[in-house]
$ cat run_29.txt   # compact mmCIF, C-alpha atoms
# COMPACT_ATOMS: atom_id res chain seq x y z
CA MET A 1 21.08 16.89 12.51
CA ASN A 2 21.38 13.99 10.11
CA LYS A 3 18.91 13.61 7.28
CA LYS A 4 16.20 11.06 8.03
CA ALA A 5 15.79 7.94 5.93
CA ILE A 6 13.35 5.08 6.08
CA ILE A 7 14.84 1.64 5.47
CA LEU A 8 12.55 -1.20 4.39
CA PHE A 9 14.03 -3.86 6.57
CA SER A 10 13.38 -7.60 6.66
CA GLY A 11 16.48 -8.67 8.58
CA GLY A 12 17.80 -10.45 5.49
CA LEU A 13 21.19 -10.19 3.81
CA ASP A 14 20.16 -7.49 1.33
CA SER A 15 18.18 -5.18 3.59
CA THR A 16 20.81 -5.41 6.35
CA THR A 17 23.52 -4.40 3.87
CA CYS A 18 21.22 -1.62 2.69
CA LEU A 19 20.80 -0.40 6.29
CA ALA A 20 24.59 -0.48 6.79
CA MET A 21 25.08 1.56 3.59
CA ALA A 22 22.45 4.16 4.55
CA LYS A 23 24.07 4.49 7.96
CA ALA A 24 27.52 4.82 6.39
CA HIS A 25 26.13 7.65 4.23
CA GLY A 26 25.21 9.50 7.40
CA TYR A 27 21.44 9.07 7.42
CA ALA A 28 19.44 8.92 10.64
CA CYS A 29 17.86 5.53 9.97
CA TYR A 30 14.25 4.56 10.67
CA ALA A 31 13.69 0.87 10.06
CA MET A 32 10.33 -0.48 8.90
CA SER A 33 9.41 -4.17 8.90
CA PHE A 34 6.20 -5.92 7.93
CA ALA A 35 4.46 -8.96 9.36
CA TYR A 36 2.53 -9.47 6.12
CA GLY A 37 1.53 -13.08 6.59
CA GLN A 38 4.87 -14.46 5.35
CA LYS A 39 5.48 -18.05 6.41
CA HIS A 40 9.00 -17.07 7.45
CA GLU A 41 7.78 -14.42 9.91
CA VAL A 42 10.64 -15.47 12.20
CA GLU A 43 12.72 -13.04 10.08
CA ILE A 44 11.17 -10.21 12.09
CA GLU A 45 12.88 -11.43 15.28
CA ARG A 46 16.22 -11.11 13.50
CA ALA A 47 15.25 -7.72 12.16
CA LYS A 48 14.49 -6.51 15.69
CA LYS A 49 17.87 -7.61 16.98
CA ILE A 50 19.84 -6.19 14.06
CA ALA A 51 17.95 -2.88 14.23
CA VAL A 52 19.01 -2.53 17.86
CA ASP A 53 22.62 -3.43 17.00
CA TYR A 54 22.64 -0.68 14.38
CA GLY A 55 21.18 1.87 16.78
CA VAL A 56 18.35 2.87 14.46
CA MET A 57 16.32 5.88 15.57
CA GLU A 58 13.17 3.79 15.56
CA HIS A 59 12.09 0.37 14.33
CA ARG A 60 8.43 -0.01 13.45
CA ILE A 61 6.72 -3.29 12.67
CA PHE A 62 3.42 -3.11 10.82
CA ILE A 63 0.92 -5.93 10.44
CA LEU A 64 -0.51 -6.21 6.93
CA PRO A 65 -3.17 -8.67 5.73
CA LEU A 66 -1.42 -9.96 2.61
CA GLY A 67 -2.03 -13.52 3.78
CA GLU A 68 -5.75 -12.87 3.22
CA ILE A 69 -5.01 -12.08 -0.41
CA GLY A 70 -2.62 -14.98 -1.00
CA GLY A 71 -1.49 -15.82 -4.52
CA SER A 72 2.12 -16.49 -3.49
CA SER A 73 3.90 -19.49 -2.03
CA LEU A 74 5.29 -17.13 0.62
CA THR A 75 1.86 -16.24 1.99
CA ASP A 76 -0.57 -18.87 0.78
CA LYS A 77 -0.92 -22.09 2.81
CA LYS A 78 -2.19 -23.92 -0.25
CA ILE A 79 1.09 -23.35 -2.16
CA ASN A 80 4.34 -24.88 -0.88
CA VAL A 81 7.65 -23.05 -1.16
CA LYS A 82 9.66 -25.15 -3.58
CA ASP A 83 13.35 -25.98 -3.79
CA TYR A 84 15.30 -23.74 -6.14
CA GLN A 85 15.03 -24.52 -9.81
CA GLU A 86 16.27 -22.55 -12.77
CA GLN A 87 13.35 -20.94 -14.59
CA THR A 88 12.58 -18.24 -17.10
CA SER A 89 9.24 -17.04 -15.73
CA ILE A 90 8.48 -15.22 -12.49
CA PRO A 91 8.48 -17.81 -9.68
CA ASP A 92 5.55 -18.44 -7.32
CA THR A 93 7.42 -16.73 -4.48
CA TYR A 94 6.41 -13.48 -6.17
CA VAL A 95 3.94 -11.69 -3.83
CA PRO A 96 1.46 -9.60 -5.83
CA ALA A 97 2.02 -5.86 -5.35
CA ARG A 98 4.22 -6.42 -2.30
CA ASN A 99 6.80 -3.76 -2.96
CA THR A 100 4.11 -1.28 -3.98
CA ILE A 101 2.31 -1.90 -0.69
CA PHE A 102 5.54 -1.65 1.32
CA LEU A 103 6.63 1.53 -0.46
CA SER A 104 3.17 3.07 0.03
CA PHE A 105 3.43 2.54 3.77
CA ALA A 106 6.98 3.87 3.75
CA LEU A 107 5.71 6.92 1.86
CA ALA A 108 2.99 7.52 4.46
CA TRP A 109 5.42 7.28 7.35
CA ALA A 110 8.03 9.35 5.49
CA GLU A 111 5.58 12.15 4.88
CA VAL A 112 4.38 12.22 8.49
CA MET A 113 7.83 12.22 10.09
CA GLY A 114 9.58 14.39 7.55
CA ALA A 115 11.82 11.92 5.72
CA ARG A 116 12.25 12.29 1.98
CA ASP A 117 14.54 9.29 1.47
CA ILE A 118 13.42 5.66 1.38
CA PHE A 119 15.90 2.78 1.05
CA ILE A 120 14.97 -0.62 -0.31
CA GLY A 121 17.50 -3.43 -0.63
CA VAL A 122 16.39 -4.95 -3.93
CA ASN A 123 18.91 -6.18 -6.41
CA HIS A 124 18.52 -6.59 -10.09
CA VAL A 125 21.13 -9.20 -10.87
CA ASP A 126 20.78 -12.12 -8.47
CA TYR A 127 17.07 -11.57 -8.01
CA SER A 128 14.24 -13.97 -8.70
CA GLY A 129 12.82 -12.11 -11.67
CA TYR A 130 10.30 -10.11 -9.66
CA PRO A 131 8.89 -7.22 -11.70
CA ASP A 132 8.81 -4.82 -8.74
CA CYS A 133 12.60 -4.96 -8.32
CA ARG A 134 13.54 -3.20 -11.57
CA PRO A 135 14.76 0.38 -12.02
CA ASP A 136 11.85 1.55 -14.22
CA TYR A 137 9.38 0.40 -11.57
CA PHE A 138 11.08 2.53 -8.91
CA GLN A 139 11.14 5.55 -11.20
CA ALA A 140 7.40 5.15 -11.76
CA PHE A 141 6.83 4.87 -8.01
CA GLU A 142 8.78 8.08 -7.37
CA LYS A 143 6.43 9.87 -9.74
CA VAL A 144 3.42 8.50 -7.85
CA ALA A 145 4.99 9.61 -4.55
CA LYS A 146 5.42 13.14 -5.86
CA LEU A 147 1.84 13.38 -7.15
CA ALA A 148 0.20 11.56 -4.23
CA THR A 149 1.42 13.63 -1.33
CA LYS A 150 0.89 17.00 0.27
CA ALA A 151 4.68 17.28 0.53
CA GLY A 152 5.04 16.60 -3.20
CA VAL A 153 2.23 18.79 -4.49
CA GLU A 154 2.02 21.65 -2.02
CA GLN A 155 5.68 21.90 -1.04
CA ASP A 156 7.20 20.63 -4.29
CA GLN A 157 9.30 18.07 -2.45
CA HIS A 158 10.64 14.91 -3.97
CA PHE A 159 10.75 11.45 -2.41
CA THR A 160 13.75 9.43 -3.47
CA ILE A 161 13.61 5.66 -3.55
CA HIS A 162 17.21 4.56 -3.00
CA THR A 163 18.13 1.15 -4.37
CA PRO A 164 21.88 1.01 -3.68
CA LEU A 165 22.13 -2.75 -4.34
CA ILE A 166 20.16 -2.79 -7.56
CA GLN A 167 23.13 -3.28 -9.90
CA MET A 168 25.18 -5.49 -7.58
CA ASN A 169 25.33 -9.26 -7.53
CA LYS A 170 25.20 -11.18 -4.26
CA ALA A 171 28.97 -11.52 -3.95
CA GLU A 172 29.43 -7.77 -4.42
CA ILE A 173 26.74 -7.07 -1.83
CA ILE A 174 28.44 -9.39 0.67
CA ARG A 175 31.88 -7.82 0.08
CA GLU A 176 30.44 -4.33 0.56
CA GLY A 177 28.61 -5.44 3.71
CA LEU A 178 31.73 -7.04 5.17
CA ARG A 179 33.66 -3.85 4.45
CA LEU A 180 31.02 -2.02 6.51
CA GLY A 181 31.18 -4.59 9.31
CA VAL A 182 27.90 -6.46 8.72
CA ASP A 183 27.61 -9.67 10.73
CA TYR A 184 25.85 -11.90 8.21
CA GLY A 185 25.45 -14.66 10.80
CA GLN A 186 22.69 -12.49 12.28
CA THR A 187 20.77 -12.09 9.03
CA LEU A 188 18.09 -14.48 7.80
CA SER A 189 17.11 -14.87 4.14
CA CYS A 190 15.43 -18.28 4.00
CA TYR A 191 11.80 -18.58 2.84
CA ARG A 192 11.39 -21.72 4.93
CA ALA A 193 13.28 -20.76 8.07
CA ASP A 194 12.36 -22.79 11.16
CA HIS A 195 11.31 -21.43 14.56
CA GLN A 196 14.93 -21.10 15.62
CA GLY A 197 15.71 -19.03 12.54
CA ARG A 198 17.72 -21.75 10.80
CA ALA A 199 17.73 -21.88 7.02
CA CYS A 200 16.69 -24.71 4.65
CA GLY A 201 19.59 -24.20 2.23
CA LYS A 202 17.43 -25.19 -0.75
CA CYS A 203 14.90 -22.44 -1.54
CA ASP A 204 15.62 -19.70 -4.12
CA SER A 205 16.67 -17.27 -1.45
CA CYS A 206 19.07 -19.74 0.24
CA ILE A 207 20.63 -20.77 -3.07
CA PHE A 208 21.32 -17.17 -4.17
CA ARG A 209 22.76 -16.42 -0.75
CA LYS A 210 24.95 -19.53 -0.63
CA LYS A 211 26.29 -18.82 -4.09
CA GLY A 212 27.01 -15.25 -3.02
CA PHE A 213 29.24 -16.37 -0.16
CA ALA A 214 30.96 -18.91 -2.43
CA ASP A 215 31.54 -16.34 -5.20
CA ALA A 216 32.84 -13.82 -2.67
CA GLY A 217 35.23 -16.46 -1.33
CA VAL A 218 33.87 -15.99 2.17
CA GLU A 219 32.77 -18.61 4.66
CA ASP A 220 28.98 -18.90 4.83
CA PRO A 221 27.95 -18.11 8.43
CA THR A 222 24.35 -19.26 7.90
CA ARG A 223 22.91 -21.84 10.29
CA TYR A 224 21.14 -24.54 8.29
CA PHE A 225 18.78 -27.17 9.64
CA MET B 226 -19.34 -14.24 -17.59
CA ASN B 227 -19.15 -10.59 -16.62
CA LYS B 228 -15.81 -8.85 -16.36
CA LYS B 229 -14.57 -8.59 -12.79
CA ALA B 230 -14.00 -5.21 -11.17
CA ILE B 231 -12.78 -4.20 -7.74
CA ILE B 232 -14.61 -1.26 -6.18
CA LEU B 233 -12.90 0.67 -3.39
CA PHE B 234 -15.90 1.04 -1.17
CA SER B 235 -16.36 3.10 1.99
CA GLY B 236 -20.15 3.11 2.11
CA GLY B 237 -20.19 6.86 1.45
CA LEU B 238 -22.11 8.82 -1.17
CA ASP B 239 -19.33 8.77 -3.77
CA SER B 240 -18.21 5.15 -3.54
CA THR B 241 -21.80 3.90 -3.46
CA THR B 242 -22.56 5.84 -6.64
CA CYS B 243 -19.35 4.43 -8.11
CA LEU B 244 -20.48 0.90 -7.24
CA ALA B 245 -23.89 1.53 -8.83
CA MET B 246 -22.18 2.82 -12.00
CA ALA B 247 -19.81 -0.15 -12.23
CA LYS B 248 -22.75 -2.51 -11.79
CA ALA B 249 -24.77 -0.64 -14.44
CA HIS B 250 -21.81 -1.09 -16.80
CA GLY B 251 -22.14 -4.84 -16.33
CA TYR B 252 -19.12 -5.57 -14.16
CA ALA B 253 -19.10 -8.40 -11.64
CA CYS B 254 -18.32 -6.23 -8.61
CA TYR B 255 -15.92 -7.10 -5.80
CA ALA B 256 -16.11 -4.53 -3.01
CA MET B 257 -13.10 -3.71 -0.85
CA SER B 258 -13.28 -1.69 2.38
CA PHE B 259 -10.59 -0.73 4.85
CA ALA B 260 -10.63 -0.41 8.61
CA TYR B 261 -7.59 1.83 8.54
CA GLY B 262 -7.91 3.45 11.94
CA GLN B 263 -10.42 6.07 10.78
CA LYS B 264 -12.38 7.61 13.64
CA HIS B 265 -15.56 7.14 11.62
CA GLU B 266 -15.07 3.37 11.32
CA VAL B 267 -18.84 3.03 11.69
CA GLU B 268 -18.92 3.68 7.91
CA ILE B 269 -17.90 0.04 7.44
CA GLU B 270 -21.19 -1.16 8.91
CA ARG B 271 -23.00 0.83 6.25
CA ALA B 272 -20.66 -0.47 3.58
CA LYS B 273 -21.46 -4.05 4.61
CA LYS B 274 -25.19 -3.47 4.32
CA ILE B 275 -25.01 -1.64 1.00
CA ALA B 276 -22.68 -4.28 -0.48
CA VAL B 277 -25.27 -6.93 0.34
CA ASP B 278 -28.07 -4.81 -1.15
CA TYR B 279 -26.07 -4.52 -4.37
CA GLY B 280 -25.40 -8.23 -4.50
CA VAL B 281 -21.64 -7.84 -4.88
CA MET B 282 -19.74 -11.04 -5.65
CA GLU B 283 -17.65 -10.57 -2.53
CA HIS B 284 -17.02 -7.84 0.05
CA ARG B 285 -13.64 -7.90 1.75
CA ILE B 286 -12.69 -5.75 4.71
CA PHE B 287 -8.99 -5.32 5.38
CA ILE B 288 -7.46 -3.97 8.57
CA LEU B 289 -4.62 -1.53 7.95
CA PRO B 290 -2.46 0.18 10.58
CA LEU B 291 -2.69 3.77 9.32
CA GLY B 292 -3.67 4.90 12.81
CA GLU B 293 -0.15 3.96 13.91
CA ILE B 294 1.25 6.38 11.36
CA GLY B 295 -1.18 9.22 12.09
CA GLY B 296 -0.60 12.66 10.58
CA SER B 297 -4.28 13.22 9.77
CA SER B 298 -7.25 14.41 11.78
CA LEU B 299 -9.12 11.36 10.50
CA THR B 300 -6.71 8.89 12.12
CA ASP B 301 -4.77 10.78 14.77
CA LYS B 302 -6.29 11.12 18.25
CA LYS B 303 -4.19 14.21 18.90
CA ILE B 304 -5.83 16.15 16.01
CA ASN B 305 -9.56 16.95 16.12
CA VAL B 306 -11.70 16.90 12.97
CA LYS B 307 -12.71 20.52 12.50
CA ASP B 308 -15.89 22.14 11.21
CA TYR B 309 -15.76 23.03 7.53
CA GLN B 310 -13.89 26.17 6.64
CA GLU B 311 -12.94 27.51 3.26
CA GLN B 312 -9.23 27.13 2.66
CA THR B 313 -6.68 27.17 -0.08
CA SER B 314 -4.27 24.55 1.27
CA ILE B 315 -4.78 20.83 1.70
CA PRO B 316 -6.85 20.31 4.90
CA ASP B 317 -5.74 18.18 7.84
CA THR B 318 -8.26 15.47 6.90
CA TYR B 319 -5.72 14.49 4.22
CA VAL B 320 -4.39 11.02 5.13
CA PRO B 321 -0.79 10.60 3.89
CA ALA B 322 -0.55 8.10 1.04
CA ARG B 323 -4.02 6.71 1.72
CA ASN B 324 -5.15 6.25 -1.85
CA THR B 325 -1.77 4.82 -2.83
CA ILE B 326 -2.07 2.27 -0.03
CA PHE B 327 -5.68 1.45 -0.93
CA LEU B 328 -4.89 1.12 -4.63
CA SER B 329 -1.87 -1.07 -3.86
CA PHE B 330 -4.06 -3.49 -1.95
CA ALA B 331 -6.66 -3.37 -4.71
CA LEU B 332 -3.89 -4.14 -7.19
CA ALA B 333 -2.77 -7.15 -5.16
CA TRP B 334 -6.28 -8.53 -4.92
CA ALA B 335 -6.98 -7.75 -8.57
CA GLU B 336 -3.91 -9.62 -9.72
CA VAL B 337 -4.70 -12.67 -7.59
CA MET B 338 -8.34 -12.99 -8.60
CA GLY B 339 -7.97 -11.96 -12.22
CA ALA B 340 -9.56 -8.50 -12.27
CA ARG B 341 -7.97 -5.80 -14.42
CA ASP B 342 -10.39 -3.01 -13.52
CA ILE B 343 -10.37 -1.02 -10.29
CA PHE B 344 -12.99 1.62 -9.50
CA ILE B 345 -12.42 4.47 -7.07
CA GLY B 346 -15.09 7.08 -6.37
CA VAL B 347 -12.94 10.18 -6.14
CA ASN B 348 -14.12 13.45 -7.54
CA HIS B 349 -12.06 16.34 -8.67
CA VAL B 350 -14.51 19.20 -8.34
CA ASP B 351 -16.16 19.10 -4.92
CA TYR B 352 -13.19 17.44 -3.29
CA SER B 353 -11.11 18.70 -0.41
CA GLY B 354 -8.00 19.44 -2.41
CA TYR B 355 -6.37 16.06 -1.78
CA PRO B 356 -3.45 15.46 -4.15
CA ASP B 357 -4.24 11.76 -4.59
CA CYS B 358 -7.62 12.51 -6.18
CA ARG B 359 -6.34 14.10 -9.39
CA PRO B 360 -6.20 12.58 -12.88
CA ASP B 361 -2.41 12.76 -13.27
CA TYR B 362 -1.96 10.85 -10.03
CA PHE B 363 -4.14 7.98 -11.29
CA GLN B 364 -2.27 7.89 -14.60
CA ALA B 365 1.00 7.58 -12.70
CA PHE B 366 -0.44 4.80 -10.57
CA GLU B 367 -1.57 2.86 -13.66
CA LYS B 368 2.02 2.96 -14.86
CA VAL B 369 3.23 1.58 -11.52
CA ALA B 370 0.58 -1.17 -11.69
CA LYS B 371 1.79 -2.22 -15.10
CA LEU B 372 5.46 -2.33 -14.08
CA ALA B 373 4.90 -3.83 -10.63
CA THR B 374 2.98 -6.95 -11.51
CA LYS B 375 3.51 -10.33 -13.07
CA ALA B 376 0.29 -9.73 -15.05
CA GLY B 377 1.66 -6.44 -16.36
CA VAL B 378 5.20 -7.52 -17.16
CA GLU B 379 4.89 -11.17 -18.10
CA GLN B 380 1.43 -11.12 -19.68
CA ASP B 381 1.46 -7.52 -20.93
CA GLN B 382 -1.85 -6.80 -19.24
CA HIS B 383 -3.02 -3.36 -18.19
CA PHE B 384 -4.77 -2.41 -14.96
CA THR B 385 -7.26 0.41 -15.42
CA ILE B 386 -8.08 2.72 -12.54
CA HIS B 387 -11.62 3.90 -13.26
CA THR B 388 -12.60 7.24 -11.76
CA PRO B 389 -16.08 7.76 -13.21
CA LEU B 390 -16.93 10.63 -10.80
CA ILE B 391 -13.70 12.55 -11.22
CA GLN B 392 -15.11 15.38 -13.34
CA MET B 393 -18.54 15.51 -11.69
CA ASN B 394 -19.69 17.82 -8.92
CA LYS B 395 -21.68 16.49 -5.96
CA ALA B 396 -25.06 17.45 -7.45
CA GLU B 397 -24.24 15.64 -10.70
CA ILE B 398 -23.10 12.58 -8.75
CA ILE B 399 -26.35 12.55 -6.76
CA ARG B 400 -28.51 12.91 -9.88
CA GLU B 401 -26.65 10.06 -11.57
CA GLY B 402 -26.96 7.92 -8.46
CA LEU B 403 -30.70 8.59 -8.15
CA ARG B 404 -31.14 7.69 -11.80
CA LEU B 405 -29.48 4.35 -10.98
CA GLY B 406 -31.66 3.87 -7.90
CA VAL B 407 -29.11 4.60 -5.14
CA ASP B 408 -30.71 5.00 -1.69
CA TYR B 409 -28.55 7.78 -0.27
CA GLY B 410 -30.22 7.42 3.13
CA GLN B 411 -28.11 4.26 3.53
CA THR B 412 -24.82 5.97 2.74
CA LEU B 413 -22.60 7.65 5.31
CA SER B 414 -20.08 10.37 4.48
CA CYS B 415 -19.50 12.12 7.82
CA TYR B 416 -15.98 12.24 9.33
CA ARG B 417 -17.51 12.48 12.83
CA ALA B 418 -20.37 10.02 12.54
CA ASP B 419 -21.66 8.71 15.88
CA HIS B 420 -22.12 5.06 16.86
CA GLN B 421 -25.56 5.02 15.31
CA GLY B 422 -24.15 6.27 12.01
CA ARG B 423 -25.65 9.74 12.29
CA ALA B 424 -23.80 12.65 10.72
CA CYS B 425 -22.51 15.87 12.29
CA GLY B 426 -23.60 18.14 9.44
CA LYS B 427 -20.58 20.41 9.94
CA CYS B 428 -17.39 18.67 8.76
CA ASP B 429 -16.01 19.12 5.23
CA SER B 430 -17.57 15.92 4.06
CA CYS B 431 -21.03 16.79 5.45
CA ILE B 432 -20.95 20.29 4.00
CA PHE B 433 -20.04 19.09 0.48
CA ARG B 434 -22.74 16.44 0.69
CA LYS B 435 -25.42 18.81 2.00
CA LYS B 436 -24.63 21.32 -0.72
CA GLY B 437 -24.85 18.52 -3.28
CA PHE B 438 -28.40 17.64 -2.29
CA ALA B 439 -29.37 21.33 -2.23
CA ASP B 440 -27.80 21.98 -5.67
CA ALA B 441 -29.48 18.88 -7.08
CA GLY B 442 -32.82 20.11 -5.71
CA VAL B 443 -33.28 16.87 -3.83
CA GLU B 444 -34.29 16.30 -0.22
CA ASP B 445 -31.31 15.39 1.95
CA PRO B 446 -32.04 11.94 3.45
CA THR B 447 -29.07 12.09 5.85
CA ARG B 448 -29.74 11.48 9.54
CA TYR B 449 -27.95 14.17 11.57
CA PHE B 450 -27.37 14.13 15.31

$ encode --input "run_29.txt" --output "structure tokens"
Amino acid sequence: MNKKAIILFSGGLDSTTCLAMAKAHGYACYAMSFAYGQKHEVEIERAKKIAVDYGVMEHRIFILPLGEIGGSSLTDKKINVKDYQEQTSIPDTYVPARNTIFLSFALAWAEVMGARDIFIGVNHVDYSGYPDCRPDYFQAFEKVAKLATKAGVEQDQHFTIHTPLIQMNKAEIIREGLRLGVDYGQTLSCYRADHQGRACGKCDSCIFRKKGFADAGVEDPTRYF
Amino acid sequence: MNKKAIILFSGGLDSTTCLAMAKAHGYACYAMSFAYGQKHEVEIERAKKIAVDYGVMEHRIFILPLGEIGGSSLTDKKINVKDYQEQTSIPDTYVPARNTIFLSFALAWAEVMGARDIFIGVNHVDYSGYPDCRPDYFQAFEKVAKLATKAGVEQDQHFTIHTPLIQMNKAEIIREGLRLGVDYGQTLSCYRADHQGRACGKCDSCIFRKKGFADAGVEDPTRYF
């Protein structure tokens, strides 16, 4: 039987590539998505479809009340998602503690169903400067996972947070995904996607994605509104 | 203005004492409770009342889907909560990753509203052997909090996880609480509490609590069914 892995899965370009890579490595993949109050919740519809296409063992969608906490333009109605602009500080699309919350839920599910491998499709190069996307953060979380769990403490097992994209830029991610047969026309990355799942082409996420296709010399299959 | 603190608050003996201690230390207290699918969700009604009595700045109740993950007798309908029995391994009341999930949400709220102090009423002595109640776990989580957040990385701020009860036994906690005026008749610790908030007197949590009152030489104000 294949080793089980949990894939944090938004239906975007990065997490879909990450799912394809985990599958190519022979893992039995369990996808996990979150309706966390994101304005672009339409991404979950894409995630559902892609998860089926990839024949994941199970796809779970959890509802989390991050919208009640706010503090990010992605979840807070009082803050608009802006067009991309170059900046040196962490942008307001940063969602406080989001990856820590997502990884904590992944850890809970992993422990219960016997997975010891968790994949998250963050990348360190073409990212928006989010603190919880850097290698030292994931190392620290692995230590927490070991100390927090019955599996870690009583059975001396280790949870590995896999970040296969972390050192890749967007063009490299796209080339690797295409090599593995990813249909990027199905994926949705936009922070301001409309009800039909079309992208704005102007937010941070759209700009990084667009540039990735251009740098990879590949036609951009994204539907823009 | 007083320094803000978030108090993870279940309405039980430990977290109520923890709230009283944080208040006595002069913090402006923000209480945070979770409806996480626990069978004894009636504890939240007690938490609401106590939070009002203590005049907290705000009391937030978040709904979390831990019942969908299961794996614990506290959240899983297929596993009954047992009577107390002495044991050397971690009991089935352990909820996978619960404190990591709770602390992650506390971290999110703390970052958004400008608190850098989080209180959690765990104790190391009369506890049930849960891994996520030990000092090294909290140290590891503080490191994650620092690396995960904009406040930690961009502003070099530190989040402190306060565990004032961690080295105390139940009798010591009760004596400290009584000194601070805690009305333990209002608190609810039972894992099998009924709709009226009465305790079973036989689960792990009831037995530790009962013994605490006996060891402290104090009348047990708990209502049992």

$ residues_around --input "run_29.txt" --residues "B:Met338" --least-positions-apart "4" --cutoff "9 Å" --atoms "only C-alpha atoms" --output "list in words"
Ile69 and Gly71 of chain A; Lys229, Ala333 and Trp334 of chain B

$ interface_residues --input "run_29.txt" --of "chain A" --to "chain B" --cutoff "9 Å" --atoms "only C-alpha atoms" --output "PyMOL selection string"
chain A and resi 62-66+68-72+89-90+94-105+107-109+111-113+130-134+136-141+143-150+152-154

$ atom_distance --input "run_29.txt" --atom1 "atom CA of A:Ser15" --atom2 "atom CA of B:Gly292"
25.8 Å

$ closest_residue --input "run_29.txt" --among "A:Tyr191, A:Lys3, A:Glu219, A:Tyr54" --to "A:Ala20" --atoms "only C-alpha atoms"
A:Tyr54

$ residues_near_point --input "run_29.txt" --point "(27.8, 4.6, 1.7)" --cutoff "12 Å" --atoms "all atoms listed in the file" --output "PyMOL selection string"
chain A and resi 17-27+162-165+176-177+179-180

$ atom_distance --input "run_29.txt" --atom1 "atom CA of B:Tyr309" --atom2 "atom CA of B:Lys436"
12.2 Å

$ residues_around --input "run_29.txt" --residues "stretch 423-431 of chain B" --least-positions-apart "6" --cutoff "10 Å" --atoms "all atoms listed in the file" --output "VMD selection string"
chain B and resid 237 to 238 265 267 306 to 311 316 318 351 to 353 413 to 417 437 447 to 450

$ closest_residue --input "run_29.txt" --among "A:Ala214, A:Ala115, A:Val122, A:Ala193" --to "A:Arg46" --atoms "all atoms listed in the file"
A:Ala193

$ atom_distance --input "run_29.txt" --atom1 "atom CA of A:Gly217" --atom2 "atom CA of A:Ser10"
24.9 Å

$ closest_residue --input "run_29.txt" --among "B:Arg341, B:Gly262, B:Phe438, B:Ile275" --to "B:Phe384" --atoms "all atoms listed in the file"
B:Arg341

$ closest_residue --input "run_29.txt" --among "B:Asn348, B:Ala272, B:Gly339, B:Gln263" --to "B:Met393" --atoms "all atoms listed in the file"
B:Asn348

$ residues_around --input "run_29.txt" --residues "B:Ile231" --least-positions-apart "3" --cutoff "7 Å" --atoms "all atoms listed in the file" --output "NGL selection string"
:B and (254-257 or 331 or 335 or 342-344)

$ residues_around --input "run_29.txt" --residues "A:Ile44" --least-positions-apart "3" --cutoff "8 Å" --atoms "all atoms listed in the file" --output "ChimeraX atom specification"
/A:10-11,33-35,41,47-48

$ build_atoms --input "run_29.txt" --residues "stretch 198-209 of chain A" --atoms "N, CA and C atoms" --output "PDB file, in the frame of the given file"
ATOM      1  N   ARG A 198      16.734 -21.047  11.638  1.00  0.00           N
ATOM      2  CA  ARG A 198      17.720 -21.750  10.800  1.00  0.00           C
ATOM      3  C   ARG A 198      17.186 -21.888   9.387  1.00  0.00           C
ATOM      4  N   ALA A 199      18.105 -21.938   8.434  1.00  0.00           N
ATOM      5  CA  ALA A 199      17.730 -21.880   7.020  1.00  0.00           C
ATOM      6  C   ALA A 199      17.670 -23.270   6.391  1.00  0.00           C
ATOM      7  N   CYS A 200      16.856 -23.397   5.307  1.00  0.00           N
ATOM      8  CA  CYS A 200      16.690 -24.710   4.650  1.00  0.00           C
ATOM      9  C   CYS A 200      17.844 -25.032   3.709  1.00  0.00           C
ATOM     10  N   GLY A 201      18.467 -23.976   3.152  1.00  0.00           N
ATOM     11  CA  GLY A 201      19.590 -24.200   2.230  1.00  0.00           C
ATOM     12  C   GLY A 201      19.177 -24.604   0.828  1.00  0.00           C
ATOM     13  N   LYS A 202      17.892 -24.653   0.538  1.00  0.00           N
ATOM     14  CA  LYS A 202      17.430 -25.190  -0.750  1.00  0.00           C
ATOM     15  C   LYS A 202      16.462 -24.289  -1.510  1.00  0.00           C
ATOM     16  N   CYS A 203      15.855 -23.319  -0.837  1.00  0.00           N
ATOM     17  CA  CYS A 203      14.900 -22.440  -1.540  1.00  0.00           C
ATOM     18  C   CYS A 203      15.681 -21.429  -2.392  1.00  0.00           C
ATOM     19  N   ASP A 204      14.980 -20.709  -3.263  1.00  0.00           N
ATOM     20  CA  ASP A 204      15.620 -19.700  -4.120  1.00  0.00           C
ATOM     21  C   ASP A 204      16.530 -18.777  -3.309  1.00  0.00           C
ATOM     22  N   SER A 205      15.957 -18.280  -2.218  1.00  0.00           N
ATOM     23  CA  SER A 205      16.670 -17.270  -1.450  1.00  0.00           C
ATOM     24  C   SER A 205      17.954 -17.852  -0.845  1.00  0.00           C
ATOM     25  N   CYS A 206      17.877 -19.073  -0.320  1.00  0.00           N
ATOM     26  CA  CYS A 206      19.070 -19.740   0.240  1.00  0.00           C
ATOM     27  C   CYS A 206      20.126 -19.997  -0.836  1.00  0.00           C
ATOM     28  N   ILE A 207      19.681 -20.432  -2.010  1.00  0.00           N
ATOM     29  CA  ILE A 207      20.630 -20.770  -3.070  1.00  0.00           C
ATOM     30  C   ILE A 207      21.382 -19.520  -3.555  1.00  0.00           C
ATOM     31  N   PHE A 208      20.657 -18.408  -3.761  1.00  0.00           N
ATOM     32  CA  PHE A 208      21.320 -17.170  -4.170  1.00  0.00           C
ATOM     33  C   PHE A 208      22.327 -16.714  -3.106  1.00  0.00           C
ATOM     34  N   ARG A 209      21.915 -16.858  -1.862  1.00  0.00           N
ATOM     35  CA  ARG A 209      22.760 -16.420  -0.750  1.00  0.00           C
ATOM     36  C   ARG A 209      24.021 -17.278  -0.644  1.00  0.00           C
TER      37      ARG A 209
END
